[in-house]
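Q: Sending over query36.tsv (TSV, C-alpha atoms).
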```tsv
chain	number	residue	atom	x	y	z
H	30	MET	CA	154.94	-116.50	174.80
H	31	SER	CA	151.21	-116.40	175.42
H	32	LEU	CA	150.97	-112.93	173.86
H	33	ARG	CA	152.80	-114.12	170.72
H	34	LEU	CA	150.43	-117.09	170.39
H	35	ASN	CA	147.40	-114.86	170.74
H	36	LEU	CA	148.73	-112.47	168.11
H	37	CYS	CA	149.40	-115.38	165.74
H	38	SER	CA	145.87	-116.65	166.31
H	39	VAL	CA	144.40	-113.27	165.44
H	40	VAL	CA	146.48	-113.06	162.25
H	41	LEU	CA	145.53	-116.60	161.16
H	42	LEU	CA	141.85	-115.93	161.86
H	43	ALA	CA	141.94	-112.74	159.81
H	44	LEU	CA	143.67	-114.47	156.90
H	45	SER	CA	141.19	-117.35	156.94
H	46	SER	CA	138.14	-115.04	157.00
H	47	PRO	CA	136.20	-115.08	153.67
H	48	ALA	CA	135.79	-111.31	153.88
H	49	TRP	CA	139.59	-110.93	153.74
H	50	ALA	CA	140.27	-113.73	151.27
H	51	ALA	CA	137.63	-112.88	148.64
H	52	LYS	CA	138.89	-111.26	145.48
H	53	LYS	CA	136.40	-108.58	144.44
H	54	VAL	CA	135.70	-108.29	140.71
H	55	ASP	CA	133.30	-105.74	139.22
H	56	LEU	CA	130.22	-106.91	137.32
H	57	ASP	CA	128.42	-104.01	135.65
H	58	TYR	CA	124.95	-104.20	134.12
H	59	HIS	CA	124.12	-101.49	131.58
H	60	VAL	CA	120.53	-101.13	130.34
H	61	ARG	CA	119.45	-98.89	127.46
H	62	PHE	CA	115.71	-98.65	126.81
H	63	LEU	CA	114.56	-98.63	123.17
H	64	PRO	CA	110.85	-97.68	123.22
H	65	GLU	CA	110.59	-97.55	119.43
H	66	SER	CA	111.18	-101.32	119.28
H	67	ASP	CA	109.70	-102.29	122.68
H	68	GLN	CA	113.11	-103.58	123.72
H	69	ALA	CA	116.04	-102.92	126.00
H	70	GLU	CA	119.68	-103.41	125.14
H	71	VAL	CA	121.46	-105.09	128.05
H	72	ARG	CA	125.22	-105.36	128.48
H	73	LEU	CA	127.05	-107.33	131.18
H	74	THR	CA	130.70	-106.35	131.67
H	75	LEU	CA	133.14	-108.31	133.82
H	76	GLU	CA	136.25	-106.46	134.99
H	77	GLU	CA	138.24	-109.71	134.74
H	78	GLY	CA	136.48	-112.23	132.53
H	79	GLN	CA	138.88	-115.06	133.37
H	80	VAL	CA	137.49	-115.38	136.93
H	81	VAL	CA	134.21	-116.76	135.49
H	82	GLN	CA	134.27	-120.13	133.77
H	83	SER	CA	130.71	-119.86	132.48
H	84	LEU	CA	127.28	-118.31	132.91
H	85	ARG	CA	124.44	-120.53	131.70
H	86	PHE	CA	121.22	-118.53	131.19
H	87	ASP	CA	117.66	-119.83	131.16
H	88	LEU	CA	116.20	-117.99	128.17
H	89	GLY	CA	112.66	-119.42	128.38
H	90	ASP	CA	110.37	-120.35	125.52
H	91	LYS	CA	108.90	-116.92	124.66
H	92	GLY	CA	111.66	-115.74	122.34
H	93	TYR	CA	112.19	-112.54	124.33
H	94	TYR	CA	116.02	-112.54	123.99
H	95	SER	CA	117.95	-111.91	120.76
H	96	ASP	CA	121.06	-110.41	119.12
H	97	PHE	CA	123.67	-111.93	121.45
H	98	LYS	CA	127.22	-110.64	121.09
H	99	ALA	CA	130.05	-111.73	123.37
H	100	ASP	CA	133.70	-111.35	124.20
H	101	GLY	CA	134.86	-114.92	124.55
H	102	GLU	CA	132.31	-117.55	123.50
H	103	TRP	CA	128.50	-117.54	123.31
H	104	GLN	CA	126.78	-120.87	122.73
H	105	ALA	CA	123.01	-121.08	122.17
H	106	GLY	CA	121.62	-124.44	123.21
H	107	THR	CA	118.57	-126.32	121.93
H	108	ASP	CA	117.12	-126.54	125.46
H	109	GLN	CA	116.18	-122.85	125.90
H	110	GLN	CA	119.62	-122.28	127.43
H	111	GLY	CA	122.48	-120.04	126.43
H	112	THR	CA	126.04	-120.24	127.80
H	113	TRP	CA	128.59	-117.44	127.98
H	114	ARG	CA	132.26	-118.23	128.53
H	115	PRO	CA	133.94	-114.83	128.98
H	116	GLY	CA	137.31	-113.96	127.48
H	117	LYS	CA	140.34	-112.77	129.44
H	118	GLY	CA	140.54	-109.24	130.80
H	119	GLU	CA	137.52	-106.95	130.52
H	120	SER	CA	134.81	-109.02	128.89
H	121	SER	CA	131.23	-108.19	127.86
H	122	LEU	CA	128.03	-109.91	126.80
H	123	SER	CA	125.26	-107.90	125.13
H	124	TYR	CA	121.78	-108.77	123.88
H	125	ARG	CA	118.31	-107.35	123.36
H	126	VAL	CA	115.21	-108.27	125.36
H	127	LYS	CA	111.54	-107.61	124.62
H	128	ILE	CA	109.91	-105.58	127.42
H	129	SER	CA	106.10	-105.88	127.07
H	130	HIS	CA	104.66	-109.19	128.27
H	131	PRO	CA	100.99	-109.68	127.31
H	132	ARG	CA	98.79	-112.17	129.15
H	133	GLN	CA	96.05	-114.27	127.54
H	134	SER	CA	93.48	-111.93	129.09
H	135	GLY	CA	94.88	-109.00	127.11
H	136	SER	CA	96.47	-107.37	130.16
H	137	PHE	CA	100.22	-106.99	130.75
H	138	ASP	CA	102.58	-107.89	133.59
H	139	ALA	CA	105.34	-105.81	131.96
H	140	ARG	CA	104.89	-102.93	129.54
H	141	MET	CA	106.74	-100.22	127.66
H	142	THR	CA	105.22	-97.11	126.09
H	143	LYS	CA	106.89	-94.12	124.42
H	144	ASP	CA	106.96	-92.41	127.85
H	145	TRP	CA	107.77	-95.17	130.37
H	146	ALA	CA	108.69	-98.78	131.04
H	147	LEU	CA	107.43	-100.96	133.92
H	148	LEU	CA	108.99	-104.40	134.27
H	149	ARG	CA	110.86	-106.80	136.51
H	150	GLY	CA	114.63	-106.91	136.42
H	151	ASP	CA	114.41	-110.70	136.52
H	152	ASP	CA	113.47	-110.46	132.84
H	153	LEU	CA	116.26	-108.05	131.91
H	154	VAL	CA	118.84	-110.54	133.17
H	155	PRO	CA	117.43	-114.09	133.17
H	156	SER	CA	118.35	-116.58	135.87
H	157	ALA	CA	121.72	-118.21	135.34
H	158	GLN	CA	124.02	-120.91	136.69
H	159	LEU	CA	127.37	-119.36	137.56
H	160	ARG	CA	130.67	-121.23	137.56
H	161	GLN	CA	133.59	-119.15	138.78
H	162	GLN	CA	136.98	-119.40	140.43
H	163	ASP	CA	137.07	-120.06	144.15
H	164	GLY	CA	137.60	-117.04	146.37
H	165	VAL	CA	135.98	-114.55	143.97
H	166	GLN	CA	133.19	-112.13	144.87
H	167	LEU	CA	131.43	-110.34	142.04
H	168	VAL	CA	130.49	-106.76	142.95
H	169	ALA	CA	127.42	-105.89	140.88
H	170	ARG	CA	126.14	-102.47	139.82
H	171	LEU	CA	123.27	-101.47	137.55
H	172	GLN	CA	123.35	-98.41	135.24
H	173	PHE	CA	120.47	-97.16	133.07
H	174	GLU	CA	120.67	-95.10	129.89
H	175	LEU	CA	117.30	-93.40	129.40
H	176	PRO	CA	115.74	-92.16	126.15
H	177	GLU	CA	115.47	-88.43	125.57
H	178	GLY	CA	112.67	-86.95	127.67
H	179	TRP	CA	112.59	-89.77	130.24
H	180	LYS	CA	113.25	-88.18	133.62
H	181	SER	CA	114.26	-90.90	136.05
H	182	VAL	CA	114.30	-94.55	137.04
H	183	GLU	CA	113.36	-96.37	140.27
H	184	THR	CA	114.38	-99.82	141.49
H	185	GLY	CA	114.23	-101.70	144.80
H	186	TRP	CA	118.02	-101.42	145.15
H	187	PRO	CA	120.02	-98.64	146.87
H	188	ARG	CA	120.88	-95.74	144.59
H	189	ILE	CA	124.61	-94.94	144.26
H	190	GLY	CA	124.49	-92.27	141.57
H	191	LYS	CA	122.36	-90.83	138.80
H	192	ASN	CA	120.36	-93.76	137.40
H	193	ARG	CA	122.86	-96.12	139.05
H	194	PHE	CA	122.23	-98.78	141.73
H	195	ARG	CA	124.16	-101.31	143.81
H	196	ILE	CA	122.96	-104.90	143.50
H	197	ASP	CA	123.77	-107.03	146.53
H	198	ASN	CA	121.85	-110.19	147.45
H	199	PRO	CA	123.74	-112.32	150.00
H	200	ALA	CA	121.41	-115.26	149.28
H	201	ARG	CA	122.66	-115.54	145.67
H	202	LEU	CA	126.06	-116.30	144.18
H	203	LEU	CA	125.18	-114.17	141.14
H	204	ASP	CA	123.72	-110.77	142.02
H	205	ARG	CA	121.02	-110.02	139.43
H	206	PRO	CA	118.87	-106.85	139.29
H	207	THR	CA	115.71	-108.66	140.42
H	208	GLY	CA	112.52	-106.88	141.44
H	209	TRP	CA	110.35	-104.17	139.90
H	210	ILE	CA	111.82	-101.38	137.78
H	211	LEU	CA	110.03	-98.22	136.63
H	212	ALA	CA	111.61	-95.72	134.25
H	213	GLY	CA	110.47	-92.73	132.23
H	214	LYS	CA	108.18	-89.79	132.96
H	215	ILE	CA	107.24	-90.79	136.49
H	216	GLY	CA	106.24	-89.31	139.82
H	217	SER	CA	107.58	-90.53	143.18
H	218	ARG	CA	106.96	-90.03	146.89
H	219	ARG	CA	109.45	-91.13	149.54
H	220	THR	CA	109.66	-91.69	153.27
H	221	ARG	CA	111.68	-93.71	155.76
H	222	LEU	CA	109.94	-96.38	157.84
H	223	GLY	CA	112.10	-97.99	160.52
H	224	GLU	CA	115.41	-98.73	158.81
H	225	THR	CA	113.87	-98.88	155.33
H	226	ASP	CA	113.76	-96.25	152.59
H	227	VAL	CA	110.31	-96.51	150.99
H	228	THR	CA	109.51	-95.16	147.52
H	229	VAL	CA	106.06	-95.14	145.88
H	230	ALA	CA	106.22	-94.43	142.15
H	231	ALA	CA	104.05	-94.55	139.04
H	232	PRO	CA	104.00	-93.13	135.52
H	233	LEU	CA	102.49	-89.65	135.36
H	234	GLY	CA	98.77	-89.70	134.63
H	235	GLU	CA	98.16	-93.28	135.79
H	236	GLY	CA	96.11	-92.31	138.86
H	237	MET	CA	98.43	-93.72	141.53
H	238	ARG	CA	97.46	-92.45	145.00
H	239	ARG	CA	101.01	-92.25	146.26
H	240	MET	CA	100.32	-90.48	149.56
H	241	ASP	CA	97.46	-92.88	150.37
H	242	VAL	CA	99.84	-95.80	149.89
H	243	LEU	CA	102.50	-94.19	152.09
H	244	THR	CA	99.91	-93.50	154.79
H	245	LEU	CA	98.70	-97.12	154.94
H	246	LEU	CA	102.29	-98.42	154.92
H	247	THR	CA	103.17	-96.09	157.81
H	248	PHE	CA	100.07	-97.26	159.70
H	249	VAL	CA	100.83	-101.01	159.49
H	250	TRP	CA	104.65	-100.97	159.37
H	251	PRO	CA	105.27	-101.56	163.12
H	252	GLN	CA	102.88	-104.52	163.05
H	253	VAL	CA	104.55	-106.00	159.97
H	254	GLN	CA	107.99	-105.76	161.55
H	255	ALA	CA	106.76	-107.29	164.81
H	256	VAL	CA	105.76	-110.46	162.94
H	257	PHE	CA	108.46	-110.53	160.26
H	258	PRO	CA	111.72	-109.22	161.79
H	259	ARG	CA	113.35	-107.83	158.66
H	260	ASP	CA	114.81	-104.40	157.93
H	261	PRO	CA	115.19	-104.19	154.14
H	262	ASP	CA	117.35	-101.32	152.96
H	263	LYS	CA	114.70	-100.26	150.48
H	264	LEU	CA	111.14	-100.99	149.39
H	265	LEU	CA	109.74	-99.85	146.06
H	266	VAL	CA	105.98	-99.79	145.41
H	267	VAL	CA	105.03	-99.22	141.76
H	268	GLY	CA	101.67	-98.92	140.07
H	269	ALA	CA	99.94	-98.30	136.76
H	270	GLY	CA	96.45	-98.54	135.31
H	271	ASN	CA	94.97	-100.49	132.40
H	272	PRO	CA	96.09	-102.45	130.48
H	273	MET	CA	98.42	-103.60	133.27
H	274	TRP	CA	97.28	-106.69	135.16
H	275	ARG	CA	94.51	-105.79	137.61
H	276	GLY	CA	96.07	-107.08	140.80
H	277	GLY	CA	99.23	-107.11	142.87
H	278	LEU	CA	102.56	-108.82	142.26
H	279	SER	CA	105.44	-108.93	144.75
H	280	ALA	CA	109.20	-109.32	144.46
H	281	PRO	CA	111.89	-109.57	147.19
H	282	ASN	CA	112.41	-105.78	147.39
H	283	SER	CA	109.37	-104.34	145.63
H	284	LEU	CA	105.74	-104.80	144.69
H	285	PHE	CA	103.28	-103.76	141.99
H	286	MET	CA	99.68	-102.65	142.55
H	287	HIS	CA	97.18	-101.79	139.83
H	288	THR	CA	96.09	-98.21	140.44
H	289	ASP	CA	92.38	-99.13	140.40
H	290	ARG	CA	92.78	-101.54	143.32
H	291	PRO	CA	91.48	-100.12	146.63
H	292	LEU	CA	93.94	-100.06	149.52
H	293	VAL	CA	91.30	-101.85	151.59
H	294	SER	CA	88.63	-103.74	149.63
H	295	GLU	CA	84.94	-104.09	150.43
H	296	ASN	CA	85.54	-107.57	151.90
H	297	GLY	CA	87.87	-106.02	154.49
H	298	THR	CA	91.21	-107.26	153.16
H	299	SER	CA	94.08	-105.20	151.75
H	300	SER	CA	95.86	-106.20	148.55
H	301	LEU	CA	98.67	-103.79	149.43
H	302	VAL	CA	99.28	-105.41	152.83
H	303	HIS	CA	98.90	-108.87	151.24
H	304	GLU	CA	101.77	-108.16	148.84
H	305	LEU	CA	103.77	-106.46	151.60
H	306	VAL	CA	103.58	-109.68	153.63
H	307	HIS	CA	104.98	-111.59	150.65
H	308	VAL	CA	107.88	-109.11	150.44
H	309	PHE	CA	108.70	-109.38	154.15
H	310	SER	CA	108.06	-113.08	154.77
H	311	ARG	CA	109.58	-114.48	151.55
H	312	ILE	CA	107.84	-117.76	152.41
H	313	ARG	CA	107.85	-120.07	149.42
H	314	ASP	CA	106.02	-123.36	149.22
H	315	THR	CA	106.45	-126.80	147.70
H	316	ASP	CA	104.55	-130.10	147.42
H	317	ARG	CA	101.18	-128.62	146.38
H	318	SER	CA	101.20	-126.24	149.35
H	319	ASP	CA	100.52	-122.83	147.80
H	320	TRP	CA	97.81	-122.42	150.43
H	321	ILE	CA	100.58	-121.69	152.95
H	322	SER	CA	102.11	-118.58	151.34
H	323	GLU	CA	98.82	-117.25	149.96
H	324	GLY	CA	96.84	-118.10	153.09
H	325	LEU	CA	99.36	-116.43	155.40
H	326	ALA	CA	99.55	-113.32	153.20
H	327	GLU	CA	95.76	-112.95	153.26
H	328	TYR	CA	95.53	-113.81	156.96
H	329	TYR	CA	97.97	-111.02	157.82
H	330	ALA	CA	96.36	-108.64	155.32
H	331	ILE	CA	93.39	-108.76	157.71
H	332	GLU	CA	95.18	-109.32	161.01
H	333	LEU	CA	97.81	-106.58	160.73
H	334	VAL	CA	95.22	-103.93	159.90
H	335	ARG	CA	93.20	-105.21	162.86
H	336	ARG	CA	96.20	-105.05	165.22
H	337	ALA	CA	97.02	-101.54	164.04
H	338	GLY	CA	93.55	-100.42	165.12
H	339	GLY	CA	92.06	-100.20	161.64
H	340	MET	CA	89.31	-102.78	162.20
H	341	THR	CA	86.68	-103.14	164.91
H	342	GLU	CA	85.74	-106.53	166.35
H	343	GLY	CA	82.35	-106.30	164.65
H	344	ARG	CA	83.89	-105.68	161.25
H	345	TYR	CA	86.37	-108.49	161.86
H	346	GLN	CA	83.46	-110.90	162.34
H	347	GLU	CA	81.83	-109.58	159.15
H	348	VAL	CA	85.06	-110.32	157.27
H	349	ARG	CA	85.03	-113.87	158.66
H	350	ASP	CA	81.44	-114.36	157.55
H	351	LYS	CA	82.28	-113.25	154.01
H	352	LEU	CA	85.30	-115.57	153.89
H	353	SER	CA	83.13	-118.44	155.11
H	354	LYS	CA	80.46	-117.87	152.43
H	355	TRP	CA	83.08	-117.50	149.68
H	356	SER	CA	84.88	-120.73	150.61
H	357	ARG	CA	81.95	-122.94	151.58
H	358	LYS	CA	82.46	-125.33	148.62
H	359	VAL	CA	86.20	-125.84	149.24
H	360	ASP	CA	87.04	-129.41	150.31
H	361	SER	CA	90.84	-129.28	149.96
H	362	LEU	CA	93.53	-126.62	150.34
H	363	ARG	CA	96.22	-128.57	148.48
H	364	GLY	CA	97.28	-127.47	145.01
H	365	GLU	CA	100.00	-125.82	142.96
H	366	GLN	CA	98.14	-122.49	142.84
H	367	ALA	CA	95.60	-121.43	145.45
H	368	SER	CA	92.36	-119.94	144.09
H	369	GLY	CA	90.46	-117.15	145.81
H	370	PRO	CA	88.04	-119.51	147.62
H	371	VAL	CA	90.92	-121.79	148.68
H	372	THR	CA	92.85	-118.81	150.06
H	373	ALA	CA	89.72	-117.68	151.94
H	374	ARG	CA	89.30	-121.13	153.49
H	375	ALA	CA	93.00	-121.17	154.40
H	376	VAL	CA	92.55	-117.87	156.28
H	377	LEU	CA	89.74	-119.38	158.37
H	378	LEU	CA	91.90	-122.41	159.19
H	379	LEU	CA	94.81	-120.15	160.18
H	380	GLN	CA	92.59	-118.07	162.44
H	381	GLU	CA	91.40	-121.25	164.18
H	382	LEU	CA	94.98	-122.51	164.47
H	383	ASP	CA	96.14	-119.23	166.02
H	384	ARG	CA	93.51	-119.58	168.74
H	385	GLU	CA	94.49	-123.20	169.35
H	386	ILE	CA	98.21	-122.40	169.65
H	387	ARG	CA	97.56	-119.52	172.05
H	388	GLN	CA	95.25	-121.59	174.25
H	389	ARG	CA	97.35	-124.74	174.45
H	390	SER	CA	100.66	-122.88	174.96
H	391	GLN	CA	99.18	-120.59	177.66
H	392	LYS	CA	99.74	-117.64	175.26
H	393	ARG	CA	103.47	-118.26	174.95
H	394	TYR	CA	103.15	-118.83	171.21
H	395	SER	CA	100.90	-117.87	168.32
H	396	LEU	CA	100.67	-118.21	164.56
H	397	ASP	CA	103.33	-115.47	164.39
H	398	ASP	CA	105.86	-118.03	165.67
H	399	VAL	CA	104.79	-120.50	162.96
H	400	ALA	CA	105.33	-117.81	160.32
H	401	ARG	CA	108.79	-116.97	161.66
H	402	GLY	CA	109.67	-120.68	161.61
H	403	LEU	CA	108.57	-120.98	157.98
H	404	MET	CA	110.74	-117.96	157.08
H	405	ARG	CA	113.83	-120.01	157.98
H	406	LEU	CA	113.01	-122.69	155.38
H	407	ASP	CA	114.05	-122.56	151.74
H	408	LYS	CA	110.61	-123.90	150.81
H	409	ALA	CA	107.74	-124.97	153.07
H	410	SER	CA	105.48	-127.99	152.63
H	411	THR	CA	102.23	-128.83	154.38
H	412	LYS	CA	104.19	-131.41	156.40
H	413	ASP	CA	106.65	-128.69	157.52
H	414	PHE	CA	103.78	-126.42	158.48
H	415	ILE	CA	102.14	-129.11	160.63
H	416	GLU	CA	105.43	-130.07	162.32
H	417	ILE	CA	106.27	-126.46	163.27
H	418	SER	CA	102.75	-125.85	164.58
H	419	GLU	CA	102.60	-129.04	166.63
H	420	ASN	CA	106.04	-128.38	168.13
H	421	LEU	CA	104.68	-125.10	169.47
H	422	ILE	CA	101.47	-126.72	170.68
H	423	GLY	CA	103.36	-129.58	172.31
H	424	GLY	CA	101.26	-132.29	170.69
H	425	PRO	CA	98.86	-133.09	167.83
H	426	SER	CA	96.73	-130.22	166.53
H	427	LYS	CA	92.98	-130.72	166.36
H	428	VAL	CA	92.65	-127.88	163.85
H	429	LEU	CA	95.22	-129.38	161.46
H	430	ASP	CA	93.72	-132.88	161.68
H	431	THR	CA	91.43	-132.14	158.75
H	432	PRO	CA	90.73	-133.55	155.25
H	433	LEU	CA	91.48	-130.05	153.93
H	434	LEU	CA	95.21	-130.78	154.22
H	435	LYS	CA	95.27	-134.31	152.81
```
Could you express the structure from this file as structure tokens?

A:
Amino acid sequence: MSLRLNLCSVVLLALSSPAWAAKKVDLDYHVRFLPESDQAEVRLTLEEGQVVQSLRFDLGDKGYYSDFKADGEWQAGTDQQGTWRPGKGESSLSYRVKISHPRQSGSFDARMTKDWALLRGDDLVPSAQLRQQDGVQLVARLQFELPEGWKSVETGWPRIGKNRFRIDNPARLLDRPTGWILAGKIGSRRTRLGETDVTVAAPLGEGMRRMDVLTLLTFVWPQVQAVFPRDPDKLLVVGAGNPMWRGGLSAPNSLFMHTDRPLVSENGTSSLVHELVHVFSRIRDTDRSDWISEGLAEYYAIELVRRAGGMTEGRYQEVRDKLSKWSRKVDSLRGEQASGPVTARAVLLLQELDREIRQRSQKRYSLDDVARGLMRLDKASTKDFIEISENLIGGPSKVLDTPLLK
């Protein structure tokens, strides 16, 4: 009798498991680059359109999206939204999207030439609200069709075929091809760090020091993983020169670095490690607390190189002196977007806080534990940061009792 009950329990548990109950339906993204018009043609195809009630896209106010054609119903709203209600059976939505995104400064944060395209997949498929039947799991794949002469394409997603990738983000209901994408006449270097496949890629002739980037990543990787315990399947680092934006920009599985940026700057920090921290930590902020994510990224851009043996104590003190001079006029860290001086002052505060946590916890805890606590939050506020820190300290923090955080 007991054996029969146990067998029944196992069967019921298996049947109730979401992994068994989910109905898998294919969602295929097809992208065809059109360099002559600075556009891409994007097509979404659902294997069974009836499982999705609607997809409501945020199309923005730039006018980048056009020429919508749909099986089922497409409704363009007056609020920069567009809603697709798929038809029954295999159902597709297609449209065109402008690739190059100029900034007011004249630089670009996405660009297409006759030989290559460098962009974020977030723009190919805009964010959307998905309404679907219960018990359905969309299985997403991304396929590229390249112009004649373009050799290859790289994304931050695992490759499953020629110019084909599997998109799987457990944190999202709708798997979109987010992150950096580089296609065309490009050069790539690859290695494996820990459990992660790392690719460094750039258009040919853009001056990307691919092996230098791989060397620095290899150098700091164990220190990064010790603080931020993640093992991404893949990391893509892309780069290009002018007129691309002269800085670094991160995404969940990839990052961009302008090819003129030094791996370690004269002030002792590393833009590459800064963006790598963003990729690994995924700490996002709220309530005028951008100092948290930017301050932590810059703090670890210094600290991880130091821990890896790439910085002497004397040079570390020189870096602190430069940060102090740069931020001497800062009287508040709060704001929607942290400036360079604000970020520098945040680094100094974080260094002081790390010492306080270590001393008052008898070295049981450090700022690393604060960072790992923030990683568990959807978004972090200054109040959250103080609460996590003071829980580790076991009482009020003298360092955080400052007008800088008011």

Q: What are the closest atom pairs, with distances in Å to one decimal, for all residues of segment 96-118 of chain H lying within 9 Å of segment 63-81 of chain H? Consider only C-alpha atoms, order rows by chain and residue number, and present the result as JSON lines.

A:
```
{"residue": "H:Asp100", "atom": "CA", "partner": "H:Gly78", "partner_atom": "CA", "distance": 8.8}
{"residue": "H:Gly101", "atom": "CA", "partner": "H:Gly78", "partner_atom": "CA", "distance": 8.6}
{"residue": "H:Arg114", "atom": "CA", "partner": "H:Val81", "partner_atom": "CA", "distance": 7.4}
{"residue": "H:Pro115", "atom": "CA", "partner": "H:Gly78", "partner_atom": "CA", "distance": 5.1}
{"residue": "H:Gly116", "atom": "CA", "partner": "H:Gly78", "partner_atom": "CA", "distance": 5.4}
{"residue": "H:Lys117", "atom": "CA", "partner": "H:Gln79", "partner_atom": "CA", "distance": 4.8}
{"residue": "H:Gly118", "atom": "CA", "partner": "H:Glu77", "partner_atom": "CA", "distance": 4.6}
```

Q: Kindly give the distance, in Å, that separates atom CA of Pro206 of chain H and atom CA of Arg85 of chain H, rounded to a single decimal.

A: 16.6 Å

Q: Of the candidates H:Arg132, H:Arg170, H:Arg344, H:Arg219, which shows the shortest atom-to-atom distance to Asn198 of chain H, using all atoms listed in the file?

A: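 Distance minimum relative to Asn198 of chain H lands on H:Arg170.
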
Q: Considering all atoms listed in the file, give me a table of residues in segment 153-230 of chain H that are at most 10 Å from segment 238-258 of chain H, with the closest atom pair and distance in Å for each, as CSV.

A:
```
residue,atom,partner,partner_atom,distance
H:Gly216,CA,H:Arg239,CA,8.8
H:Ser217,CA,H:Arg239,CA,7.5
H:Arg218,CA,H:Arg239,CA,6.4
H:Arg219,CA,H:Leu243,CA,8.0
H:Thr220,CA,H:Leu243,CA,7.7
H:Arg221,CA,H:Thr247,CA,9.1
H:Leu222,CA,H:Thr247,CA,6.8
H:Gly223,CA,H:Trp250,CA,8.1
H:Val227,CA,H:Leu243,CA,8.2
H:Thr228,CA,H:Leu243,CA,8.4
H:Val229,CA,H:Arg239,CA,5.8
H:Ala230,CA,H:Arg239,CA,7.0
```

Q: Nearest to Phe173 of chain H: which of H:Glu342, H:Asp57, H:Asp90, H:Asp430 is it, counting all atoms listed in the file?

A: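 Distance minimum relative to Phe173 of chain H lands on H:Asp57.
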
Q: Separation of atom CA of Leu352 of chain H and atom CA of Thr372 of chain H, in Å?

A: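 Pair atom CA of Leu352 of chain H / atom CA of Thr372 of chain H returns 9.1 Å.
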
Q: Identify the residues around (91.9, -125.1, 160.1) within a radius of 9 Å, measuring from all atoms listed in the file in the coordinates stated by the file, and give them as an mmCIF file with C-alpha atoms, in the frame of the given file.

A:
```
data_model
loop_
_atom_site.group_PDB
_atom_site.id
_atom_site.type_symbol
_atom_site.label_atom_id
_atom_site.label_comp_id
_atom_site.auth_asym_id
_atom_site.auth_seq_id
_atom_site.Cartn_x
_atom_site.Cartn_y
_atom_site.Cartn_z
ATOM 1 C CA ARG H 374 89.300 -121.130 153.490
ATOM 2 C CA ALA H 375 93.000 -121.170 154.400
ATOM 3 C CA VAL H 376 92.550 -117.870 156.280
ATOM 4 C CA LEU H 377 89.740 -119.380 158.370
ATOM 5 C CA LEU H 378 91.900 -122.410 159.190
ATOM 6 C CA LEU H 379 94.810 -120.150 160.180
ATOM 7 C CA GLN H 380 92.590 -118.070 162.440
ATOM 8 C CA GLU H 381 91.400 -121.250 164.180
ATOM 9 C CA LEU H 382 94.980 -122.510 164.470
ATOM 10 C CA LYS H 427 92.980 -130.720 166.360
ATOM 11 C CA VAL H 428 92.650 -127.880 163.850
ATOM 12 C CA LEU H 429 95.220 -129.380 161.460
ATOM 13 C CA ASP H 430 93.720 -132.880 161.680
ATOM 14 C CA THR H 431 91.430 -132.140 158.750
ATOM 15 C CA LEU H 433 91.480 -130.050 153.930
ATOM 16 C CA LEU H 434 95.210 -130.780 154.220
#
```

Q: Excluding Val306 of chain H and any residue of its chain fewer than 6 positions from it, enumerate the residues within 9 Å of it, using all atoms listed in the file, and give them as a list in words.

A: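 With the cut-off at 9 Å, the set is Val253, Phe257, Leu325, Ala326, Glu327, Tyr329 and Ala330 of chain H.
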
Q: Please produce an output containing C-alpha atoms for each residue in the selection, written as a short mmCIF file (atom, residue, chain, number, x, y, z; two decimals), keeping the file's coordinate frame.

A:
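Output contents, as saved in result_4.cif:
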```
data_model
loop_
_atom_site.label_atom_id
_atom_site.label_comp_id
_atom_site.auth_asym_id
_atom_site.auth_seq_id
_atom_site.Cartn_x
_atom_site.Cartn_y
_atom_site.Cartn_z
CA VAL H 253 104.55 -106.00 159.97
CA PHE H 257 108.46 -110.53 160.26
CA LEU H 325 99.36 -116.43 155.40
CA ALA H 326 99.55 -113.32 153.20
CA GLU H 327 95.76 -112.95 153.26
CA TYR H 329 97.97 -111.02 157.82
CA ALA H 330 96.36 -108.64 155.32
#
```

Q: Please provide the set of residues having any atom within 10 Å of Glu365 of chain H, restricted to only C-alpha atoms, with same-chain residues fewer than 4 positions apart removed, written as a ChimeraX atom specification.

A: /H:314-320

Q: Which residue is closest to Gly185 of chain H? Choose from H:Lys143, H:Leu159, H:Leu88, H:Phe285 and count only C-alpha atoms.

A: H:Phe285

Q: Grab the atom CA of Lys53 of chain H to atom CA of Gln166 of chain H distance for me, in Å with one decimal place.

A: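 Atom CA of Gln166 of chain H lies 4.8 Å from atom CA of Lys53 of chain H.
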